[in-house]
Every structure is written in C-alpha cells, then in structure tokens.
>>> print(open('query.cif').read())   # mmCIF, C-alpha atoms
data_model
#
loop_
_atom_site.label_atom_id
_atom_site.label_comp_id
_atom_site.auth_asym_id
_atom_site.auth_seq_id
_atom_site.Cartn_x
_atom_site.Cartn_y
_atom_site.Cartn_z
CA PRO A 1058 -1.00 21.65 39.36
CA ASN A 1059 0.70 18.50 40.55
CA PRO A 1060 -1.24 15.24 40.44
CA HIS A 1061 -2.25 13.77 43.80
CA ARG A 1062 -2.84 10.06 43.67
CA SER A 1063 -5.22 8.49 46.17
CA ARG A 1064 -7.08 5.25 45.63
CA GLY A 1065 -6.39 5.44 41.94
CA ALA A 1066 -7.78 8.92 41.33
CA VAL A 1067 -6.12 12.06 40.00
CA MET A 1068 -6.82 15.58 41.20
CA LEU A 1069 -7.76 17.89 38.33
CA ARG A 1070 -7.54 21.64 38.83
CA VAL A 1071 -10.62 23.63 37.87
CA PRO A 1072 -11.09 27.39 37.41
CA GLY A 1073 -11.01 29.41 40.62
CA GLY A 1074 -8.10 27.53 42.11
CA SER A 1075 -10.18 24.74 43.66
CA SER A 1076 -9.64 21.05 43.09
CA ARG A 1077 -12.08 18.23 42.90
CA ARG A 1078 -11.57 14.54 42.63
CA ARG A 1079 -12.99 12.94 39.51
CA ARG A 1080 -14.01 9.33 40.04
CA GLN A 1081 -16.70 7.13 38.57
CA GLY A 1082 -18.60 7.33 35.27
CA GLY A 1083 -15.63 7.62 32.89
CA ARG A 1084 -13.74 10.11 35.04
CA ALA A 1085 -9.98 9.97 35.44
CA GLN A 1086 -8.84 7.05 37.52
CA ILE A 1087 -5.11 6.66 37.18
CA PRO A 1088 -3.37 4.14 39.43
CA PRO A 1089 0.41 4.47 39.76
CA ASN A 1090 1.20 1.79 37.18
CA ARG A 1091 -0.46 3.91 34.49
CA THR A 1092 1.77 6.93 34.92
CA THR A 1093 5.15 5.37 34.15
CA THR A 1094 4.94 5.07 30.36
CA THR A 1095 7.35 6.94 28.11
CA ALA A 1096 4.63 8.66 26.11
CA GLY A 1097 1.15 10.05 26.63
CA ILE A 1098 -1.27 10.44 23.71
CA PHE A 1099 -4.53 12.37 23.81
CA HIS A 1100 -7.75 11.54 21.97
CA VAL A 1101 -10.58 14.05 22.28
CA TRP A 1102 -14.18 13.51 21.20
CA LEU A 1103 -17.30 15.65 21.54
CA GLY A 1104 -20.77 14.19 21.67
CA PRO A 1105 -22.69 11.57 23.63
CA ALA A 1106 -20.92 8.48 22.23
CA TRP A 1107 -17.62 7.46 20.64
CA PRO A 1108 -17.68 6.37 16.97
CA PRO A 1109 -18.38 2.67 16.28
CA TYR A 1110 -14.79 1.84 15.28
CA LEU A 1111 -13.47 2.81 18.73
CA ASN A 1112 -12.94 -0.86 19.62
CA LEU A 1113 -10.24 -1.15 16.94
CA VAL A 1114 -8.40 1.88 18.31
CA LEU A 1115 -8.65 0.62 21.90
CA HIS A 1116 -7.37 -2.83 20.91
CA ALA A 1117 -4.37 -1.35 19.12
CA ALA A 1118 -3.69 1.16 21.91
CA ALA A 1119 -3.68 -1.53 24.59
CA ALA A 1120 -1.01 -3.44 22.67
CA ASN A 1121 1.42 -0.49 22.72
CA ARG A 1122 2.54 -0.46 26.34
CA ARG A 1123 5.12 2.32 26.05
CA ALA A 1124 2.30 4.87 25.82
CA THR A 1125 -0.67 5.87 27.95
CA PHE A 1126 -3.72 6.78 25.88
CA TYR A 1127 -5.99 9.46 27.34
CA PHE A 1128 -9.51 9.43 25.92
CA VAL A 1129 -11.24 12.72 26.72
CA GLY A 1130 -14.95 12.50 26.01
CA PRO A 1131 -17.90 10.27 26.87
CA PRO A 1132 -17.27 7.20 29.05
CA LEU A 1133 -15.42 4.37 27.36
CA PRO A 1134 -17.10 0.96 27.03
CA PRO A 1135 -17.09 -0.99 30.32
CA GLY A 1136 -13.80 -2.74 31.01
CA SER A 1137 -11.78 -0.84 28.39
CA ALA A 1138 -10.29 1.85 30.68
CA ILE A 1139 -7.63 -0.46 32.09
CA GLY A 1140 -3.86 -0.76 31.84
CA ASN A 1141 -2.54 2.02 29.60
CA VAL A 1142 -5.99 3.26 28.53
CA VAL A 1143 -7.42 6.13 30.61
CA SER A 1144 -10.85 7.73 30.39
CA LEU A 1145 -11.35 11.43 31.21
CA ASP A 1146 -14.92 12.61 31.51
CA GLY A 1147 -15.31 15.20 28.77
CA ARG A 1148 -19.01 14.81 28.05
CA ASN A 1149 -20.68 17.95 26.66
CA GLY A 1150 -17.30 19.68 26.51
CA THR A 1151 -17.52 20.92 30.10
CA LEU A 1152 -14.05 19.73 31.11
CA LEU A 1153 -12.55 21.08 27.89
CA ARG A 1154 -14.13 24.50 28.32
CA GLU A 1155 -12.77 24.69 31.87
CA ARG A 1156 -9.30 23.75 30.67
CA ILE A 1157 -9.36 26.12 27.71
CA ALA A 1158 -10.40 29.04 29.93
CA THR A 1159 -7.75 28.19 32.54
CA HIS A 1160 -4.76 27.42 30.32
CA LEU A 1161 -5.47 29.36 27.12
CA GLY A 1162 -7.53 32.26 28.39
CA VAL A 1163 -9.88 32.25 25.41
CA SER A 1164 -13.55 31.47 24.87
CA ILE A 1165 -14.24 28.99 22.08
CA ARG A 1166 -17.39 27.62 20.51
CA LEU A 1167 -16.55 23.92 20.60
CA THR A 1168 -17.33 21.81 17.54
CA HIS A 1169 -15.69 18.68 16.16
CA ARG A 1170 -13.84 20.75 13.57
CA LYS A 1171 -12.80 23.41 16.06
CA MET A 1172 -11.30 20.71 18.26
CA CYS A 1173 -8.90 20.06 15.38
CA ASP A 1174 -7.70 23.66 15.61
CA LEU A 1175 -6.96 22.98 19.27
CA LYS A 1176 -4.90 19.82 18.69
CA PRO A 1177 -1.47 21.45 19.19
CA THR A 1178 -2.72 22.72 22.56
CA TRP A 1179 -4.19 19.46 23.87
CA PRO A 1180 -1.16 18.45 25.99
CA ALA A 1181 -0.93 21.98 27.39
CA LEU A 1182 -4.55 21.71 28.54
CA PHE A 1183 -3.52 18.85 30.86
CA PRO A 1184 -0.10 19.87 32.21
CA GLU A 1185 -0.36 17.59 35.25
CA LEU A 1186 -0.65 14.63 32.88
CA ALA A 1187 1.88 15.86 30.32
CA ARG A 1188 4.61 16.08 32.94
CA LEU A 1189 4.17 12.39 33.75
CA HIS A 1190 5.73 11.44 30.40
CA GLU A 1191 8.93 12.12 28.47
CA TRP A 1192 6.84 12.46 25.30
CA VAL A 1193 3.28 13.66 24.88
CA GLY A 1194 1.10 14.39 21.89
CA PHE A 1195 -2.13 13.77 20.03
CA SER A 1196 -3.60 11.47 17.45
CA ASP A 1197 -6.64 11.34 15.22
CA LEU A 1198 -9.25 8.97 16.56
CA ASP A 1199 -9.31 7.02 13.30
CA VAL A 1200 -5.61 6.11 13.55
CA VAL A 1201 -5.25 2.37 14.24
CA TYR A 1202 -1.78 1.92 15.71
CA GLY A 1203 0.76 -0.57 14.47
CA ASP A 1204 4.10 -0.92 16.26
CA LEU A 1205 4.01 2.48 17.92
CA ASP A 1206 6.10 1.01 20.75
CA GLY A 1207 8.92 0.45 18.29
CA GLU A 1208 8.76 4.05 17.11
CA ILE A 1209 8.92 5.32 20.68
CA ALA A 1210 11.81 2.99 21.52
CA ARG A 1211 13.84 4.37 18.59
CA LEU A 1212 13.68 7.95 19.85
CA GLN A 1213 17.06 9.33 20.89
CA GLU A 1214 17.96 11.64 23.75
CA GLY A 1215 18.28 14.68 21.46
CA ASP A 1216 15.02 14.11 19.57
CA GLU A 1217 12.20 16.55 20.26
CA LEU A 1218 9.46 15.79 17.73
CA LEU A 1219 8.12 12.60 16.14
CA VAL A 1220 5.94 12.84 13.03
CA PRO A 1221 4.74 10.33 10.40
CA ALA A 1222 7.38 9.61 7.76
CA GLY A 1223 5.28 11.19 5.04
CA MET A 1224 5.25 14.49 6.95
CA TYR A 1225 9.05 14.75 7.18
CA PRO A 1226 10.94 16.99 6.50
CA GLN A 1227 7.86 18.97 5.53
CA PRO A 1228 5.25 19.91 6.57
CA LEU A 1229 5.96 18.40 10.04
CA ALA A 1230 2.69 19.76 11.42
CA ASN A 1231 -0.25 17.46 10.81
CA GLY A 1232 -3.45 16.38 12.50
CA ASN A 1233 -2.82 12.62 12.24
CA LEU A 1234 -0.12 11.96 14.81
CA MET A 1235 2.47 14.11 16.59
CA LEU A 1236 4.59 13.40 19.65
CA PHE A 1237 6.46 16.22 21.38
CA ARG A 1238 9.25 16.09 23.92
CA SER A 1239 7.47 17.05 27.14
CA THR A 1240 9.12 20.44 27.56
CA HIS A 1241 7.62 23.91 27.72
CA LYS A 1242 9.31 24.83 24.45
CA LEU A 1243 7.58 22.06 22.52
CA LEU A 1244 4.25 21.94 24.32
CA HIS A 1245 3.82 25.68 23.82
CA ALA A 1246 5.35 25.99 20.34
CA TRP A 1247 1.90 26.96 19.03
CA GLU A 1248 2.18 30.21 20.99
CA ARG A 1249 4.73 31.33 18.36
CA ILE A 1250 1.90 31.59 15.83
CA PRO A 1251 0.98 35.30 15.58
CA GLY A 1252 -2.71 35.79 16.17
CA TRP A 1253 -3.32 32.30 17.56
CA ARG A 1254 -5.90 33.71 19.97
CA THR A 1255 -7.84 35.28 17.10
CA ALA A 1256 -7.67 32.06 15.12
CA LEU A 1257 -8.98 30.00 18.05
CA ALA A 1258 -11.77 32.47 18.77
CA ASP A 1259 -12.92 32.26 15.16
CA PRO A 1260 -15.85 29.79 15.00
CA ARG A 1261 -14.56 28.54 11.65
CA TYR A 1262 -11.92 25.83 11.32
CA ARG A 1263 -8.62 27.61 10.60
CA ALA A 1264 -6.37 24.54 10.20
CA LEU A 1265 -4.20 25.67 13.10
CA ASP A 1266 -3.00 22.08 13.44
CA GLU A 1267 -1.97 21.75 9.80
CA TRP A 1268 0.09 23.56 7.17
CA TRP A 1269 -2.50 25.03 4.81
CA GLY A 1270 -4.58 27.32 7.03
CA VAL A 1271 -3.50 30.44 8.91
CA ARG A 1272 -0.20 32.06 8.00
CA PRO A 1273 2.33 31.65 9.38
CA SER A 1274 1.09 28.13 10.07
CA PHE A 1275 2.09 25.68 12.77
CA SER A 1276 4.11 24.00 10.02
CA ASP A 1277 5.97 27.26 9.32
CA ILE A 1278 6.74 27.65 13.03
CA LEU A 1279 8.13 24.13 13.41
CA TYR A 1280 10.10 24.32 10.17
CA ASP A 1281 11.64 27.67 11.15
CA MET A 1282 12.58 26.22 14.54
CA THR A 1283 14.27 23.32 12.73
CA LEU A 1284 16.22 25.59 10.38
CA ASP A 1285 17.29 27.74 13.34
CA GLY A 1286 18.68 24.67 15.08
CA ASN A 1287 16.05 25.00 17.80
CA LEU A 1288 14.19 21.75 17.04
CA VAL A 1289 15.25 18.18 16.25
CA ALA A 1290 12.49 16.32 14.44
CA ARG A 1291 12.44 12.62 13.64
CA PRO A 1292 10.21 10.74 11.19
CA THR A 1293 8.64 7.40 11.99
CA ALA A 1294 10.49 4.40 10.59
CA ARG A 1295 7.26 3.06 9.12
CA PRO A 1296 4.77 5.03 7.00
CA LEU A 1297 1.37 6.11 8.17
CA VAL A 1298 -1.15 4.47 5.84
CA VAL A 1299 -4.00 6.85 5.06
CA ASP A 1300 -6.91 6.88 2.65
CA VAL A 1301 -5.76 10.10 1.01
CA ILE A 1302 -2.51 10.89 -0.79
CA ASN A 1303 -1.29 14.49 -0.82
CA LEU A 1304 0.45 15.45 -4.05
CA PHE A 1305 2.32 18.76 -3.93
CA SER A 1306 3.05 20.90 -6.94
CA GLY A 1307 6.68 21.95 -6.63
CA LYS A 1308 7.20 24.04 -3.51
CA ASP A 1309 3.65 25.37 -3.51
CA ARG A 1310 2.08 23.48 -0.62
CA ALA A 1311 -1.20 25.32 -1.16
CA ALA A 1312 -1.51 23.75 -4.61
CA GLN A 1313 -1.98 20.26 -3.23
CA GLN A 1314 -4.08 17.66 -4.95
CA GLU A 1315 -5.84 14.89 -3.11
CA VAL A 1316 -6.41 11.41 -4.47
CA ALA A 1317 -8.80 9.36 -2.37
CA PHE A 1318 -8.39 5.59 -2.53
CA SER A 1319 -12.13 5.12 -2.17
CA ARG A 1320 -12.69 6.98 -5.42
CA ARG A 1321 -10.20 4.80 -7.29
CA SER A 1322 -11.56 1.40 -6.22
CA ALA A 1323 -8.38 0.72 -4.27
CA GLN A 1324 -8.10 -1.85 -1.51
CA CYS A 1325 -5.58 -2.11 1.28
CA PRO A 1326 -6.06 -5.10 3.61
CA LEU A 1327 -4.35 -4.60 6.96
CA PRO A 1328 -3.87 -7.80 8.98
CA SER A 1329 -3.69 -7.49 12.74
CA ALA A 1330 -2.06 -9.78 15.30
CA ARG A 1331 -2.18 -9.15 19.05
CA GLY A 1332 -3.43 -5.65 18.48
CA ARG A 1333 -0.67 -4.64 16.06
CA LEU A 1334 -0.87 -4.26 12.34
CA GLY A 1335 1.20 -6.64 10.22
CA SER A 1336 2.64 -6.34 6.72
CA PHE A 1337 0.21 -5.37 3.97
CA THR A 1338 -0.22 -5.02 0.23
CA SER A 1339 -2.45 -2.63 -1.63
CA SER A 1340 -4.37 -3.36 -4.78
CA ARG A 1341 -6.53 -1.59 -7.32
CA ARG A 1342 -9.09 -3.52 -9.31
CA GLY A 1343 -7.43 -6.77 -8.34
CA GLN A 1344 -3.90 -5.73 -9.31
CA ALA A 1345 -1.27 -5.94 -6.54
CA ARG A 1346 0.75 -2.78 -5.92
#
>>> encode(input="query.cif", output="structure tokens")
Amino acid sequence: PNPHRSRGAVMLRVPGGSSRRRRQGGRAQIPPNRTTTTAGIFHVWLGPAWPPYLNLVLHAAAANRRATFYFVGPPLPPGSAIGNVVSLDGRNGTLLRERIATHLGVSIRLTHRKMCDLKPTWPALFPELARLHEWVGFSDLDVVYGDLDGEIARLQEGDELLVPAGMYPQPLANGNLMLFRSTHKLLHAWERIPGWRTALADPRYRALDEWWGVRPSFSDILYDMTLDGNLVARPTARPLVVDVINLFSGKDRAAQQEVAFSRRSAQCPLPSARGRLGSFTSSRRGQAR
C-alpha cells in the first residue's frame, strides 16, 4: 500500500484490506522531512521496554542524517522520535504478527531469537516504508553507529548490497548490519531459500539471517547470486568492531571458533564526538594493540 501523509501520520495497511491511522503513544508519525533520506534501517524489539543502552544507539542514529531509523517495538523515550528517528508501535508483537500474516503468509511464535530469523524479511514487512528509500535494511540493536553517513555516501549506482567489511566477500549474510538496494530482487532474496516457510514456522532459531543455520543458507543464496553476476555487493570502508572474532578453519565455515574479548581481559575504548565514533585502540592487560 502507498503511504498517505496527513498531519504527520502514515497509513499502515492491516489484514482484511482496511487501513487505520496510527498516531500517539509511539505509533508511526512521519512528517514529509523524514521520508527523504537515502536509506531506511529497521530495529525491532519485543517486550515492554527497550534495553538500557538504547540512548547510545539513538544518539548515534540521530547523527547519521542520510538514514531514517525505524524502531519497531515499545514507545521510545519522550522526545527521541524526532528528525530521522521514527517510532512504530510494536508492543506485544501485534503489529509484527499482522505484517507477517499479510506479507509472509505464515504463523510464527514470536520470540527475541525468532525475530533474528525474520531479519532478512523486515523491510518486506513494511513495503510502504521501504519504497521511500533507495536503500533499506536492518541492524542489531546493540550496534552503535560511527560514520554510517560516509558509508552510504560511498555507494555507487550499480551497488546492490552493503555489508560490514569483515563479512565480505563471505559470508555476506549476517545479523549485524545489512543494507539492500530497495528493489524487489533484493528485498525478497530470502524467498530463494528452499523451505523458508518451514524454517520460519519452526519455533527454534534456525539462523535464517546468518550463514551457519539452514542449508542452503541466506549466505549461500547471496553468494550464488554474486557468482552468477546477479548481485553487486560492497563492503564498508571501515570495520565493524564487535566483541567476538570469528575464526574460520579453511573453507569450512561450520568449523568456526569464537574468541570473546570479555574472556581475554581485552579493552577497546571507543570515543564519541557529536554522536559518531572516533578513532580507537584496543588493548589487552594494558598492552596496546
């Protein structure tokens, strides 16, 4: 359905073909100046309240003006849903269940982990918002953005996928951060996964958003599209700093080993200025790295 703007509200289609206007209490209120950004990024959260570190994410998001950040879940703190930050009322999963039934045609038992399986489908659940942007995607809620604007500005006309540098050229698929060209081919690439309906209906987490779960995985699909010349992927210019390092054994991606910084007494101070992360150094037991 097409968005209809009136007094800063957006019309959201619900099952049965009817429309209703969502307004106060964390519901979508999108004035025209919020719909002109290059990219749209979805955050989805179940439960009565956002995690306590949300203020860091909101601060960093507000500083990256080339993207609109859609927070689907409980109401955001007062005064934070302004500018390029938009709140969509997703309390208790009601909105998500409506969207899943309408756009995916499956019934899912929603849990925090199961929402990760759904990540590749998030933009497709909100087509009237996805079509407002050239790029659209998802991000983990614990990603504190640096110069995301710079990464978006570097995208070229022929690019179709943006992934963290550490995920390029493989596995491409990841749950941290992905931006897709807002085309049907990219926003519905997950439909190429055989048995995706079965995987989503499974109450267990099947890592549909990653590379190590169902086979063929979302990673396999994207990599095959790349090799077939049907997808142009680009890595970020800067790395995504995470608290876990994936070490692969040869070509066997299933034989990964994980080294957690927290278990090795490592420290990585990340200075922030005007909402954006600055340069950093990492250390372990007082030794600079």
>>> resolve_selection(input="query.cif", expression="the PyMOL selection byres ((chain A and resi 1106) around 12)", output="list in words")
Gly1083, Val1101, Trp1102, Leu1103, Gly1104, Pro1105, Trp1107, Pro1108, Pro1109, Tyr1110, Leu1111, Val1129, Gly1130, Pro1131, Pro1132, Leu1133, Pro1134, Asp1146, Gly1147, Arg1148 and Asn1149 of chain A
>>> resolve_selection(input="query.cif", expression="the PyMOL selection byres ((chain A and resi 1192) around 7)", output="list in words")
Thr1095, Ala1096, Gly1097, His1190, Glu1191, Val1193, Gly1194, Leu1236, Phe1237, Arg1238 and Ser1239 of chain A
>>> resolve_selection(input="query.cif", expression="the PyMOL selection byres ((chain A and resi 1181) around 12)", output="ChimeraX atom specification")
/A:1058,1099,1153,1156-1157,1159-1161,1175-1180,1182-1188,1193-1195,1237,1239-1248
>>> atom_distance(input="query.cif", atom1="atom CA of A:Asn1233", atom2="atom CA of A:Met1172")
13.2 Å
>>> atom_distance(input="query.cif", atom1="atom CA of A:Arg1154", atom2="atom CA of A:Leu1265")
18.2 Å
>>> closest_residue(input="query.cif", among="A:Ala1138, A:Val1114, A:Leu1279, A:Leu1257", to="A:Asp1197", atoms="all atoms listed in the file")
A:Val1114
>>> residues_around(input="query.cif", residues="stretch 1286-1300 of chain A", least_positions_apart="6", cutoff="6 Å", atoms="only C-alpha atoms", output="list in words")
Asp1216, Glu1217, Leu1218, Leu1219, Val1220, Pro1221, Ala1222, Tyr1225, Ala1317 and Phe1318 of chain A
>>> closest_residue(input="query.cif", among="A:Asp1204, A:Glu1155, A:Asp1174, A:Asp1266", to="A:Leu1234", atoms="all atoms listed in the file")
A:Asp1266
>>> atom_distance(input="query.cif", atom1="atom CA of A:Leu1189", atom2="atom CA of A:Glu1267")
26.4 Å
>>> axis_aligned_box(input="query.cif", around="stretch 1103-1106 of chain A", padding_each_side="8 Å", output="JSON")
{"center_x": -20.0, "center_y": 12.1, "center_z": 22.6, "size_x": 21.4, "size_y": 23.2, "size_z": 18.1}
